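Structure file entry_2.cif (mmCIF, C-alpha atoms) follows.
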```cif
data_protein
loop_
_atom_site.label_atom_id
_atom_site.label_comp_id
_atom_site.auth_asym_id
_atom_site.auth_seq_id
_atom_site.Cartn_x
_atom_site.Cartn_y
_atom_site.Cartn_z
CA ARG I 901 -47.90 -138.53 -52.13
CA VAL I 902 -48.80 -136.57 -55.27
CA SER I 903 -51.50 -134.58 -53.47
CA PHE I 904 -49.08 -133.82 -50.59
CA MET I 905 -46.55 -132.43 -53.04
CA ASN I 906 -49.22 -130.28 -54.75
CA ASN I 907 -50.36 -128.82 -51.43
CA GLN I 908 -46.94 -127.35 -50.69
CA LYS I 909 -46.83 -123.63 -51.56
CA PRO I 910 -44.11 -122.72 -54.04
CA GLN I 911 -41.21 -120.67 -52.55
CA LYS I 912 -40.93 -117.01 -53.57
CA PRO I 913 -37.33 -116.03 -52.89
CA THR I 914 -37.58 -112.72 -54.74
CA LEU I 915 -40.23 -111.43 -52.31
CA SER I 916 -38.10 -111.96 -49.20
CA GLY I 917 -35.22 -110.36 -51.06
CA GLN I 918 -37.31 -107.26 -51.70
CA ARG I 919 -38.36 -107.09 -48.04
CA PHE I 920 -34.75 -107.32 -47.01
CA LYS I 921 -33.83 -104.43 -49.30
CA THR I 922 -36.64 -102.29 -47.92
CA ARG I 923 -35.46 -102.85 -44.34
CA LYS I 924 -31.92 -102.03 -45.34
CA ARG I 925 -33.07 -98.81 -46.96
CA ASP I 926 -35.06 -97.83 -43.82
CA GLU I 927 -32.00 -98.36 -41.66
CA LYS I 928 -29.94 -96.05 -43.83
CA GLU I 929 -32.52 -93.23 -43.87
CA ARG I 930 -30.58 -90.03 -43.36
CA PHE I 931 -31.02 -88.07 -40.12
CA ASP I 932 -32.28 -84.74 -41.45
CA PRO I 933 -33.38 -82.33 -38.71
CA THR I 934 -33.33 -79.40 -41.17
CA GLN I 935 -36.22 -80.80 -43.16
CA PHE I 936 -38.11 -81.55 -39.91
CA GLN I 937 -37.41 -78.01 -38.70
CA ASP I 938 -38.79 -76.49 -41.92
CA CYS I 939 -42.05 -78.46 -41.53
CA ILE I 940 -42.51 -77.33 -37.91
CA ILE I 941 -41.60 -73.69 -38.58
CA GLN I 942 -43.91 -73.51 -41.58
CA GLY I 943 -46.78 -74.90 -39.48
CA LEU I 944 -46.05 -72.51 -36.61
CA SER I 945 -45.99 -69.50 -38.95
CA GLU I 946 -49.52 -70.42 -40.03
CA THR I 947 -50.80 -70.57 -36.43
CA GLY I 948 -49.52 -67.09 -35.58
CA THR I 949 -49.31 -66.31 -31.87
CA ASP I 950 -52.50 -68.20 -30.98
CA LEU I 951 -51.12 -70.80 -28.54
CA GLU I 952 -54.34 -72.86 -28.69
CA ALA I 953 -53.76 -73.21 -32.45
CA VAL I 954 -50.07 -74.02 -31.78
CA ALA I 955 -51.07 -76.86 -29.42
CA LYS I 956 -53.53 -78.24 -32.00
CA PHE I 957 -50.95 -78.07 -34.80
CA LEU I 958 -48.35 -79.91 -32.68
CA ASP I 959 -50.91 -82.54 -31.71
CA ALA I 960 -51.83 -83.22 -35.34
CA SER I 961 -48.23 -83.11 -36.64
CA GLY I 962 -47.16 -85.90 -34.30
CA ALA I 963 -49.06 -88.35 -36.51
CA LYS I 964 -47.12 -87.28 -39.62
CA LEU I 965 -43.69 -86.22 -38.32
CA ASP I 966 -41.16 -88.32 -36.41
CA TYR I 967 -41.24 -86.60 -32.98
CA ARG I 968 -39.38 -89.49 -31.38
CA ARG I 969 -36.38 -89.04 -33.64
CA TYR I 970 -36.37 -85.25 -33.76
CA ALA I 971 -37.41 -84.46 -30.16
CA GLU I 972 -34.40 -82.21 -29.53
CA THR I 973 -35.05 -80.20 -32.71
CA LEU I 974 -38.75 -79.88 -31.85
CA PHE I 975 -38.05 -78.52 -28.34
CA ASP I 976 -35.23 -76.23 -29.58
CA ILE I 977 -37.74 -74.62 -31.97
CA LEU I 978 -40.47 -74.26 -29.35
CA VAL I 979 -38.09 -72.64 -26.86
CA ALA I 980 -35.58 -70.71 -29.01
CA GLY I 981 -37.26 -70.47 -32.44
CA GLY I 982 -34.84 -72.76 -34.25
CA MET I 983 -32.12 -75.39 -33.86
CA LEU I 984 -29.51 -74.44 -31.28
CA ALA I 985 -25.80 -74.79 -31.93
CA PRO I 986 -23.53 -75.91 -29.04
CA GLY I 987 -23.38 -73.12 -26.47
CA GLY I 988 -26.94 -71.98 -27.10
CA THR I 989 -26.63 -69.79 -30.20
CA LEU I 990 -28.95 -69.91 -33.21
CA ALA I 991 -27.20 -70.39 -36.54
CA ASP I 992 -27.55 -67.26 -38.70
CA ASP I 993 -28.44 -69.12 -41.88
CA MET I 994 -31.22 -71.12 -40.20
CA THR I 995 -34.89 -70.32 -40.67
CA ARG I 996 -36.43 -69.37 -37.38
CA THR I 997 -39.86 -68.65 -35.94
CA ASN I 998 -41.12 -66.02 -33.55
CA VAL I 999 -43.68 -68.47 -32.16
CA CYS I 1000 -41.41 -69.56 -29.32
CA VAL I 1001 -40.70 -68.92 -25.64
CA PHE I 1002 -37.71 -66.63 -26.29
CA ALA I 1003 -39.67 -64.33 -28.61
CA ALA I 1004 -42.70 -64.14 -26.29
CA GLN I 1005 -43.52 -61.48 -23.72
CA GLU I 1006 -41.57 -61.68 -20.47
CA ASP I 1007 -44.39 -62.19 -17.99
CA LEU I 1008 -45.80 -65.01 -15.89
CA GLU I 1009 -49.14 -65.20 -17.70
CA THR I 1010 -47.49 -65.74 -21.10
CA MET I 1011 -45.17 -68.39 -19.67
CA GLN I 1012 -48.16 -70.17 -18.08
CA ALA I 1013 -49.77 -70.31 -21.52
CA PHE I 1014 -46.58 -71.75 -23.04
CA ALA I 1015 -46.39 -74.30 -20.21
CA GLN I 1016 -49.83 -75.51 -21.30
CA VAL I 1017 -48.50 -76.09 -24.83
CA PHE I 1018 -45.70 -78.31 -23.46
CA ASN I 1019 -48.10 -80.09 -21.06
CA LYS I 1020 -50.56 -80.96 -23.83
CA LEU I 1021 -47.82 -82.11 -26.18
CA ILE I 1022 -46.15 -84.37 -23.60
CA ARG I 1023 -49.47 -85.76 -22.36
CA ARG I 1024 -50.37 -86.63 -25.96
CA TYR I 1025 -46.95 -88.13 -26.81
CA LYS I 1026 -45.72 -89.67 -23.54
CA TYR I 1027 -42.46 -90.81 -25.15
CA LEU I 1028 -41.37 -87.14 -25.36
CA GLU I 1029 -41.10 -86.94 -21.53
CA LYS I 1030 -37.47 -88.08 -21.35
CA GLY I 1031 -36.46 -86.01 -24.40
CA PHE I 1032 -37.98 -82.89 -22.85
CA GLU I 1033 -36.15 -83.44 -19.56
CA ASP I 1034 -32.85 -83.84 -21.46
CA GLU I 1035 -33.65 -80.69 -23.45
CA VAL I 1036 -34.19 -78.58 -20.31
CA LYS I 1037 -30.96 -79.92 -18.75
CA LYS I 1038 -29.15 -78.89 -21.95
CA LEU I 1039 -30.81 -75.44 -22.04
CA LEU I 1040 -29.72 -74.81 -18.43
CA LEU I 1041 -26.12 -75.58 -19.39
CA PHE I 1042 -26.45 -73.10 -22.30
CA LEU I 1043 -27.70 -70.24 -20.08
CA LYS I 1044 -24.66 -68.03 -20.74
CA GLY I 1045 -25.46 -68.13 -24.47
CA PHE I 1046 -28.90 -66.55 -23.89
CA SER I 1047 -29.84 -62.95 -23.19
CA GLU I 1048 -31.00 -61.95 -19.70
CA SER I 1049 -34.60 -61.69 -20.89
CA GLU I 1050 -34.42 -65.16 -22.51
CA ARG I 1051 -33.02 -66.59 -19.28
CA ASN I 1052 -35.84 -64.98 -17.27
CA LYS I 1053 -38.51 -66.48 -19.54
CA LEU I 1054 -36.89 -69.91 -19.40
CA ALA I 1055 -36.65 -69.67 -15.59
CA MET I 1056 -40.34 -68.77 -15.22
CA LEU I 1057 -41.39 -71.53 -17.61
CA THR I 1058 -39.20 -74.11 -15.81
CA GLY I 1059 -40.65 -73.11 -12.42
CA ILE I 1060 -44.22 -73.57 -13.73
CA LEU I 1061 -43.37 -76.96 -15.30
CA LEU I 1062 -41.72 -78.11 -12.04
CA ALA I 1063 -44.84 -77.05 -10.14
CA ASN I 1064 -47.25 -79.01 -12.34
CA GLY I 1065 -45.05 -82.10 -12.45
CA THR I 1066 -44.13 -81.99 -16.15
CA LEU I 1067 -40.48 -81.71 -15.07
CA ASN I 1068 -38.59 -83.47 -12.29
CA ALA I 1069 -36.49 -81.39 -9.86
CA SER I 1070 -33.39 -83.43 -10.80
CA ILE I 1071 -32.99 -81.11 -13.84
CA LEU I 1072 -31.69 -78.49 -11.36
CA ASN I 1073 -28.40 -80.42 -11.27
CA SER I 1074 -27.43 -78.52 -14.44
CA LEU I 1075 -27.42 -75.27 -12.43
CA TYR I 1076 -24.49 -76.55 -10.36
CA ASN I 1077 -22.22 -76.22 -13.41
CA GLU I 1078 -19.01 -74.56 -12.19
CA ASN I 1079 -18.95 -71.74 -14.78
CA LEU I 1080 -22.61 -70.84 -14.30
CA VAL I 1081 -22.15 -70.76 -10.52
CA LYS I 1082 -18.94 -68.72 -10.68
CA GLU I 1083 -20.48 -66.01 -12.87
CA GLY I 1084 -23.64 -65.71 -10.75
CA VAL I 1085 -25.88 -66.98 -13.57
CA SER I 1086 -27.18 -69.95 -11.54
CA ALA I 1087 -28.28 -67.90 -8.53
CA ALA I 1088 -29.99 -65.21 -10.68
CA PHE I 1089 -31.79 -67.90 -12.70
CA ALA I 1090 -32.83 -69.72 -9.49
CA VAL I 1091 -34.52 -66.54 -8.18
CA LYS I 1092 -36.90 -66.34 -11.17
CA LEU I 1093 -37.41 -70.11 -11.21
CA PHE I 1094 -38.32 -70.41 -7.51
CA LYS I 1095 -40.56 -67.34 -7.67
CA SER I 1096 -42.73 -68.88 -10.38
CA TRP I 1097 -42.58 -72.34 -8.75
CA ILE I 1098 -43.71 -71.03 -5.34
CA ASN I 1099 -46.30 -68.82 -7.06
CA GLU I 1100 -47.87 -71.94 -8.62
CA LYS I 1101 -47.65 -74.09 -5.46
CA ASP I 1102 -46.08 -73.15 -2.10
CA ILE I 1103 -42.78 -73.64 -0.28
CA ASN I 1104 -43.95 -76.96 1.25
CA ALA I 1105 -44.67 -78.49 -2.17
CA VAL I 1106 -41.29 -77.21 -3.42
CA ALA I 1107 -39.59 -78.78 -0.38
CA VAL I 1108 -41.23 -82.17 -1.07
CA SER I 1109 -40.04 -82.12 -4.71
CA LEU I 1110 -36.49 -81.16 -3.70
CA ARG I 1111 -36.38 -83.84 -0.99
CA LYS I 1112 -37.44 -86.56 -3.45
CA VAL I 1113 -34.30 -85.99 -5.53
CA ASN I 1114 -31.96 -85.25 -2.55
CA MET I 1115 -31.70 -81.62 -3.59
CA ASP I 1116 -33.02 -80.16 -0.32
CA ASN I 1117 -29.52 -79.77 1.18
CA ARG I 1118 -27.76 -78.63 -1.99
CA LEU I 1119 -29.26 -75.20 -2.68
CA MET I 1120 -26.26 -73.36 -1.24
CA GLU I 1121 -24.19 -74.85 -4.08
CA LEU I 1122 -25.82 -72.21 -6.33
CA PHE I 1123 -23.05 -69.98 -4.97
CA PRO I 1124 -19.25 -70.34 -5.20
CA ALA I 1125 -17.56 -72.20 -2.30
CA ASN I 1126 -16.46 -68.98 -0.55
CA LYS I 1127 -20.09 -67.76 -0.45
CA GLN I 1128 -21.79 -70.99 0.62
CA SER I 1129 -23.09 -69.78 3.96
CA VAL I 1130 -26.63 -69.57 5.32
CA GLU I 1131 -26.11 -65.84 5.89
CA HIS I 1132 -25.15 -65.16 2.26
CA PHE I 1133 -27.93 -67.37 0.86
CA SER I 1134 -30.50 -65.82 3.18
CA LYS I 1135 -29.50 -62.23 2.34
CA TYR I 1136 -29.44 -62.86 -1.43
CA PHE I 1137 -32.83 -64.59 -1.66
CA THR I 1138 -34.57 -62.42 0.95
CA GLU I 1139 -33.54 -59.28 -0.93
CA ALA I 1140 -34.87 -60.90 -4.12
CA GLY I 1141 -38.27 -61.36 -2.43
CA LEU I 1142 -37.92 -65.05 -1.55
CA LYS I 1143 -37.95 -64.93 2.25
CA GLU I 1144 -39.72 -68.33 2.48
CA LEU I 1145 -36.89 -69.99 0.52
CA SER I 1146 -34.29 -68.35 2.79
CA GLU I 1147 -36.10 -69.62 5.88
CA TYR I 1148 -36.45 -73.10 4.36
CA VAL I 1149 -32.68 -73.32 3.70
CA ARG I 1150 -31.90 -71.94 7.16
CA ASN I 1151 -34.15 -74.61 8.66
CA GLN I 1152 -32.57 -77.37 6.54
CA GLN I 1153 -29.13 -76.24 7.64
CA SER I 1154 -30.24 -76.27 11.25
CA ILE I 1155 -31.65 -79.82 10.93
CA GLY I 1156 -28.36 -80.95 9.36
CA ALA I 1157 -26.34 -79.29 12.13
CA ARG I 1158 -28.52 -80.90 14.83
CA LYS I 1159 -28.09 -84.37 13.30
CA GLU I 1160 -24.34 -83.82 13.07
CA LEU I 1161 -24.22 -82.64 16.70
CA GLN I 1162 -26.11 -85.71 17.93
CA LYS I 1163 -23.85 -88.06 15.96
CA GLU I 1164 -20.65 -86.44 17.29
CA LEU I 1165 -22.05 -86.30 20.83
CA GLN I 1166 -22.77 -90.04 20.83
CA GLU I 1167 -19.26 -90.76 19.56
CA GLN I 1168 -17.72 -88.58 22.31
CA MET I 1169 -19.82 -90.34 24.96
CA SER I 1170 -18.94 -93.81 23.72
CA ARG I 1171 -15.24 -92.84 23.79
CA GLY I 1172 -15.69 -91.58 27.34
CA ASP I 1173 -14.43 -88.04 26.60
CA PRO I 1174 -14.29 -85.73 29.67
CA PHE I 1175 -17.48 -83.73 30.21
CA LYS I 1176 -15.62 -80.41 30.11
CA ASP I 1177 -14.46 -81.20 26.54
CA ILE I 1178 -17.96 -82.30 25.49
CA ILE I 1179 -19.52 -79.14 27.01
CA LEU I 1180 -16.98 -76.93 25.22
CA TYR I 1181 -17.66 -78.65 21.88
CA VAL I 1182 -21.47 -78.39 22.27
CA LYS I 1183 -21.29 -74.69 23.21
CA GLU I 1184 -19.18 -73.95 20.14
CA GLU I 1185 -21.67 -75.80 17.90
CA MET I 1186 -24.58 -73.90 19.49
CA LYS I 1187 -22.92 -70.59 18.71
CA LYS I 1188 -21.79 -71.58 15.20
CA ASN I 1189 -25.16 -72.98 14.09
CA ASN I 1190 -27.45 -70.82 16.20
CA ILE I 1191 -28.91 -73.81 18.09
CA SER I 1192 -31.02 -73.03 21.18
CA GLU I 1193 -30.36 -74.48 24.64
CA GLN I 1194 -33.79 -76.19 24.56
CA THR I 1195 -32.83 -78.02 21.37
CA VAL I 1196 -29.44 -79.00 22.80
CA VAL I 1197 -30.85 -80.40 26.06
CA ALA I 1198 -33.26 -82.57 24.02
CA ILE I 1199 -30.33 -83.84 21.90
CA ILE I 1200 -28.21 -84.60 25.01
CA TRP I 1201 -31.08 -86.48 26.67
CA SER I 1202 -31.65 -88.54 23.54
CA SER I 1203 -27.90 -89.28 23.20
CA VAL I 1204 -27.52 -90.20 26.89
CA MET I 1205 -30.46 -92.64 26.69
CA SER I 1206 -29.19 -94.29 23.51
CA THR I 1207 -25.69 -95.10 24.80
CA VAL I 1208 -26.81 -97.98 27.00
CA GLU I 1209 -28.50 -101.38 26.61
CA TRP I 1210 -31.49 -101.21 28.99
CA ASN I 1211 -32.60 -104.11 31.16
CA LYS I 1212 -35.88 -105.67 30.04
CA LYS I 1213 -37.06 -106.18 33.65
CA GLU I 1214 -39.07 -103.29 35.01
CA GLU I 1215 -37.84 -103.73 38.60
CA LEU I 1216 -34.20 -103.51 37.50
CA VAL I 1217 -34.42 -100.79 34.84
CA ALA I 1218 -35.17 -97.96 37.30
CA GLU I 1219 -32.04 -98.76 39.32
CA GLN I 1220 -29.98 -98.98 36.13
CA ALA I 1221 -31.40 -95.67 34.84
CA ILE I 1222 -30.66 -93.81 38.09
CA LYS I 1223 -27.06 -95.04 38.12
CA HIS I 1224 -26.58 -94.12 34.44
CA LEU I 1225 -28.26 -90.70 34.65
CA LYS I 1226 -26.43 -89.75 37.88
CA GLN I 1227 -23.21 -90.13 35.93
CA TYR I 1228 -24.43 -87.79 33.13
CA SER I 1229 -26.23 -85.20 35.29
CA PRO I 1230 -23.28 -82.69 35.21
CA LEU I 1231 -23.53 -82.69 31.39
CA LEU I 1232 -27.29 -82.07 31.45
CA ALA I 1233 -26.91 -79.43 34.18
CA ALA I 1234 -24.60 -77.41 31.90
CA PHE I 1235 -27.48 -76.96 29.44
CA THR I 1236 -30.42 -76.31 31.76
CA THR I 1237 -29.58 -72.73 32.68
CA GLN I 1238 -33.06 -71.53 31.59
CA GLY I 1239 -36.48 -72.52 32.92
CA GLN I 1240 -37.63 -73.32 29.38
CA SER I 1241 -34.73 -75.77 28.93
CA GLU I 1242 -35.67 -77.52 32.19
CA LEU I 1243 -39.27 -77.80 31.01
CA THR I 1244 -38.08 -79.22 27.66
CA LEU I 1245 -36.08 -81.86 29.55
CA LEU I 1246 -39.09 -82.76 31.74
CA LEU I 1247 -41.25 -83.26 28.64
CA LYS I 1248 -38.54 -85.41 27.03
CA ILE I 1249 -38.34 -87.58 30.16
CA GLN I 1250 -42.15 -87.92 30.18
CA GLU I 1251 -42.19 -88.87 26.49
CA TYR I 1252 -39.38 -91.40 26.92
CA CYS I 1253 -40.96 -93.08 29.95
CA TYR I 1254 -44.29 -93.32 28.14
CA ASP I 1255 -42.79 -94.69 24.89
CA ASN I 1256 -40.64 -97.26 26.75
CA ILE I 1257 -43.05 -99.28 28.87
CA HIS I 1258 -40.36 -100.52 31.36
CA PHE I 1259 -39.72 -96.90 32.35
CA MET I 1260 -43.32 -96.05 33.30
CA LYS I 1261 -42.59 -96.41 37.04
CA ALA I 1262 -39.17 -94.73 36.85
CA PHE I 1263 -40.40 -91.22 35.94
CA GLN I 1264 -40.61 -89.80 39.46
CA LYS I 1265 -37.23 -91.32 40.45
CA ILE I 1266 -35.52 -89.67 37.45
CA VAL I 1267 -37.08 -86.27 38.22
CA VAL I 1268 -36.07 -86.45 41.90
CA LEU I 1269 -32.53 -87.47 40.93
CA PHE I 1270 -32.25 -84.45 38.59
CA TYR I 1271 -33.70 -82.18 41.28
CA LYS I 1272 -31.05 -83.32 43.76
CA ALA I 1273 -28.31 -83.01 41.09
CA GLU I 1274 -29.47 -79.43 40.35
CA VAL I 1275 -30.39 -80.25 36.77
CA LEU I 1276 -34.05 -79.38 37.50
CA SER I 1277 -35.43 -76.75 39.88
CA GLU I 1278 -38.76 -76.27 41.71
CA GLU I 1279 -40.47 -73.80 39.38
CA PRO I 1280 -40.32 -75.81 36.10
CA ILE I 1281 -41.34 -79.01 37.96
CA LEU I 1282 -44.37 -77.25 39.48
CA LYS I 1283 -45.25 -75.71 36.11
CA TRP I 1284 -44.98 -79.12 34.44
CA TYR I 1285 -47.25 -80.60 37.12
CA LYS I 1286 -49.83 -77.82 36.92
CA ASP I 1287 -50.39 -77.34 33.19
CA ALA I 1288 -47.29 -77.90 31.02
CA HIS I 1289 -47.27 -81.73 30.92
CA LEU I 1290 -48.04 -83.84 27.86
CA ALA I 1291 -51.18 -85.97 27.53
CA LYS I 1292 -49.02 -89.13 27.19
CA GLY I 1293 -49.39 -91.17 30.40
CA LYS I 1294 -50.52 -88.02 32.21
CA SER I 1295 -52.58 -89.68 34.96
CA VAL I 1296 -49.79 -92.20 35.81
CA PHE I 1297 -47.02 -89.59 35.97
CA LEU I 1298 -49.04 -86.96 37.86
CA GLU I 1299 -49.95 -89.59 40.45
CA GLN I 1300 -46.28 -90.56 40.83
CA MET I 1301 -45.28 -86.92 41.30
CA LYS I 1302 -48.07 -85.95 43.72
CA LYS I 1303 -46.16 -86.39 47.02
CA PHE I 1304 -42.95 -84.86 45.67
CA VAL I 1305 -44.83 -81.83 44.32
CA GLU I 1306 -46.57 -81.36 47.71
CA TRP I 1307 -43.19 -81.51 49.40
CA LEU I 1308 -41.84 -78.92 46.92
CA LYS I 1309 -44.75 -76.58 47.58
CA ASN I 1310 -44.28 -76.87 51.34
CA ALA I 1311 -40.55 -76.32 51.00
CA GLU I 1312 -41.21 -73.28 48.80
CA GLU I 1313 -43.75 -71.85 51.30
CA GLY I 1314 -41.31 -72.51 54.15
CA GLU I 1315 -38.59 -70.60 52.32
CA GLN I 1316 -40.94 -67.70 51.61
CA GLN I 1317 -41.93 -67.51 55.31
CA LEU I 1318 -38.29 -67.63 56.33
CA SER I 1319 -37.27 -64.87 53.90
CA SER I 1320 -40.19 -62.60 55.00
CA GLN I 1321 -39.15 -63.09 58.67
CA VAL I 1322 -35.54 -62.17 57.79
CA GLU I 1323 -36.74 -59.01 56.06
#
```
Any chance you could give the structure as structure tokens?
Amino acid sequence: RVSFMNNQKPQKPTLSGQRFKTRKRDEKERFDPTQFQDCIIQGLSETGTDLEAVAKFLDASGAKLDYRRYAETLFDILVAGGMLAPGGTLADDMTRTNVCVFAAQEDLETMQAFAQVFNKLIRRYKYLEKGFEDEVKKLLLFLKGFSESERNKLAMLTGILLANGTLNASILNSLYNENLVKEGVSAAFAVKLFKSWINEKDINAVAVSLRKVNMDNRLMELFPANKQSVEHFSKYFTEAGLKELSEYVRNQQSIGARKELQKELQEQMSRGDPFKDIILYVKEEMKKNNISEQTVVAIIWSSVMSTVEWNKKEELVAEQAIKHLKQYSPLLAAFTTQGQSELTLLLKIQEYCYDNIHFMKAFQKIVVLFYKAEVLSEEPILKWYKDAHLAKGKSVFLEQMKKFVEWLKNAEEGEQQLSSQVE
């Protein structure tokens, strides 16, 4: 018992009390960005304008200074030369440095060098990633507080950082701020930003990044509501030398309009609206959104085929298809006024019959039905047969069409002989 008692270590209450006090003192440490700023600015003044030396200094300082706590101050200094007050102004009494983005030369090469400084810093201290993203969002909201040259430099830098993946395209949400949009600041900034972004990558890479954050259909919001048209966007960005961005937005708008048209078309069909009303609506949409007849006939075909539950038995599906398509042939006929539209329809029928195995034997019956209903005419059918068909199921469909095509050729020759005799 005695030895057990002796083995117990004596309690040291004073030690735990001291630890407690130390923790308490740490918790109450004052947030002092001014002192942090002085350390960074002093270090930057020693590096001069050598950005390699700047990157090395920032790398080494991260071990001594609390970057996590003072991330906003650090990025304010690197971009604007000192801590920014709300609105984007630098306080007059603050020490500032000229080793920053805003004091640098306004050219792409300089901004690429600065982008490297940010890349190295964030790669070294991964926890700064979120703080940097928040900083850029804030800077974009402060754009009106900066000079035009400062905005241009920030735009170029942001474009480069978006291109190399340091920044996420979601930061562009800040540009949709109502005041920035209204005063034309957002659109002017976007020109410089997209120029440097596309210069680093290409329009396809930009499109992928925008699509990832659902920003691909929002670019027109860079303009006030009364100017949010494809025409205005296209004119503005084409004149600024960004024709590829204009075409991208025009294409996006067209895709959106086509999806909307298909959705509305299916609703009208399921309601059983009269064909004359449907035709009128489609023609208005074609004109409004500059949609070609070939595109429309493909949309109508797709909509017509999706409005019915098809029989799973091959011998019954052809009969069902003929009955269904006979009903919709006046609608399709209204949008096959050009040979190219007829050919588009033929290719869509071929594709559908190939992709849906029960329809493989129905191809010829559908084509003959549309020929009789004056949806398709001789010339496009013969062209399809000769060299315009798809590779999908080619041998099966050409075999099915052989006799009908021979009949068409004979009928065509007969007509030619008749007309030459009349002459």
task = Can you give me, as a ChimeraX atom specification, the residues this file yields under the PyMOL selection byres ((chain I and resi 1136-1145) around 12)?
result = /I:1084,1087-1099,1102-1107,1110,1116,1119-1120,1122-1123,1127-1135,1146-1152
inquiry  = Could you check the closest approach to Asn1310 in chain I for each of I:Val1204, I:Leu1282, I:Val1296, I:Pro986 and tell me which residue wins, using all atoms listed in the file?
reply    = I:Leu1282
Would you kindly translate the PyMOL selection byres ((chain I and resi 973) around 8) into the concrete residues it picks from this file, as a JSON list (two decimals) with C-alpha atoms, in the frame of the given file?
```
[["chain", "number", "residue", "atom", "x", "y", "z"],
["I", 933, "PRO", "CA", -33.38, -82.33, -38.71],
["I", 936, "PHE", "CA", -38.11, -81.55, -39.91],
["I", 937, "GLN", "CA", -37.41, -78.01, -38.70],
["I", 970, "TYR", "CA", -36.37, -85.25, -33.76],
["I", 971, "ALA", "CA", -37.41, -84.46, -30.16],
["I", 972, "GLU", "CA", -34.40, -82.21, -29.53],
["I", 974, "LEU", "CA", -38.75, -79.88, -31.85],
["I", 975, "PHE", "CA", -38.05, -78.52, -28.34],
["I", 976, "ASP", "CA", -35.23, -76.23, -29.58],
["I", 977, "ILE", "CA", -37.74, -74.62, -31.97],
["I", 982, "GLY", "CA", -34.84, -72.76, -34.25],
["I", 983, "MET", "CA", -32.12, -75.39, -33.86]]
```
query = Which of these residues is nearest to Gln1300 in chain I, using only C-alpha atoms: I:Leu1080, I:Ile1200, I:Val1268, I:Ala960?
reply =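 Among the listed residues, the smallest separation from Gln1300 in chain I belongs to I:Val1268.
What separates CA of Leu1247 in chain I from CA of Ala1288 in chain I is a distance of 8.4 Å.
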request  = Can you work out which one of I:Leu944, I:Thr1244, I:Gly1239, I:Ser1295 has the shortest atom-to-atom distance to Pro1280 in chain I, counting all atoms listed in the file?
outcome  = I:Gly1239
Point-to-point distance in Å for CA of Phe1297 in chain I and CA of Tyr1285 in chain I = 9.1 Å
key: Pick from I:Leu1298, I:Leu1232, I:Ala963, I:Leu1008 nearest to Lys1053 in chain I, counting all atoms listed in the file   =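 Smallest separation from Lys1053 in chain I among the options: I:Leu1008.
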query = How would you write as JSON, numbers by chain the residues that get within 12 Å of (-21.4, -78.6, 23.3) in the file's frame, counting all atoms listed in the file?
reply = {"I": [1158, 1160, 1161, 1162, 1164, 1165, 1166, 1168, 1169, 1174, 1175, 1176, 1177, 1178, 1179, 1180, 1181, 1182, 1183, 1184, 1185, 1186, 1187, 1188, 1189, 1191, 1192, 1193, 1195, 1196, 1197, 1199, 1200, 1231, 1232, 1234, 1235]}
Using only C-alpha atoms, please write the residues we just selected to a file, as an mmCIF file, keeping the file's coordinate frame.
```
data_model
loop_
_atom_site.group_PDB
_atom_site.id
_atom_site.type_symbol
_atom_site.label_atom_id
_atom_site.label_comp_id
_atom_site.auth_asym_id
_atom_site.auth_seq_id
_atom_site.Cartn_x
_atom_site.Cartn_y
_atom_site.Cartn_z
ATOM 1 C CA ARG I 1158 -28.520 -80.900 14.830
ATOM 2 C CA GLU I 1160 -24.340 -83.820 13.070
ATOM 3 C CA LEU I 1161 -24.220 -82.640 16.700
ATOM 4 C CA GLN I 1162 -26.110 -85.710 17.930
ATOM 5 C CA GLU I 1164 -20.650 -86.440 17.290
ATOM 6 C CA LEU I 1165 -22.050 -86.300 20.830
ATOM 7 C CA GLN I 1166 -22.770 -90.040 20.830
ATOM 8 C CA GLN I 1168 -17.720 -88.580 22.310
ATOM 9 C CA MET I 1169 -19.820 -90.340 24.960
ATOM 10 C CA PRO I 1174 -14.290 -85.730 29.670
ATOM 11 C CA PHE I 1175 -17.480 -83.730 30.210
ATOM 12 C CA LYS I 1176 -15.620 -80.410 30.110
ATOM 13 C CA ASP I 1177 -14.460 -81.200 26.540
ATOM 14 C CA ILE I 1178 -17.960 -82.300 25.490
ATOM 15 C CA ILE I 1179 -19.520 -79.140 27.010
ATOM 16 C CA LEU I 1180 -16.980 -76.930 25.220
ATOM 17 C CA TYR I 1181 -17.660 -78.650 21.880
ATOM 18 C CA VAL I 1182 -21.470 -78.390 22.270
ATOM 19 C CA LYS I 1183 -21.290 -74.690 23.210
ATOM 20 C CA GLU I 1184 -19.180 -73.950 20.140
ATOM 21 C CA GLU I 1185 -21.670 -75.800 17.900
ATOM 22 C CA MET I 1186 -24.580 -73.900 19.490
ATOM 23 C CA LYS I 1187 -22.920 -70.590 18.710
ATOM 24 C CA LYS I 1188 -21.790 -71.580 15.200
ATOM 25 C CA ASN I 1189 -25.160 -72.980 14.090
ATOM 26 C CA ILE I 1191 -28.910 -73.810 18.090
ATOM 27 C CA SER I 1192 -31.020 -73.030 21.180
ATOM 28 C CA GLU I 1193 -30.360 -74.480 24.640
ATOM 29 C CA THR I 1195 -32.830 -78.020 21.370
ATOM 30 C CA VAL I 1196 -29.440 -79.000 22.800
ATOM 31 C CA VAL I 1197 -30.850 -80.400 26.060
ATOM 32 C CA ILE I 1199 -30.330 -83.840 21.900
ATOM 33 C CA ILE I 1200 -28.210 -84.600 25.010
ATOM 34 C CA LEU I 1231 -23.530 -82.690 31.390
ATOM 35 C CA LEU I 1232 -27.290 -82.070 31.450
ATOM 36 C CA ALA I 1234 -24.600 -77.410 31.900
ATOM 37 C CA PHE I 1235 -27.480 -76.960 29.440
#
```
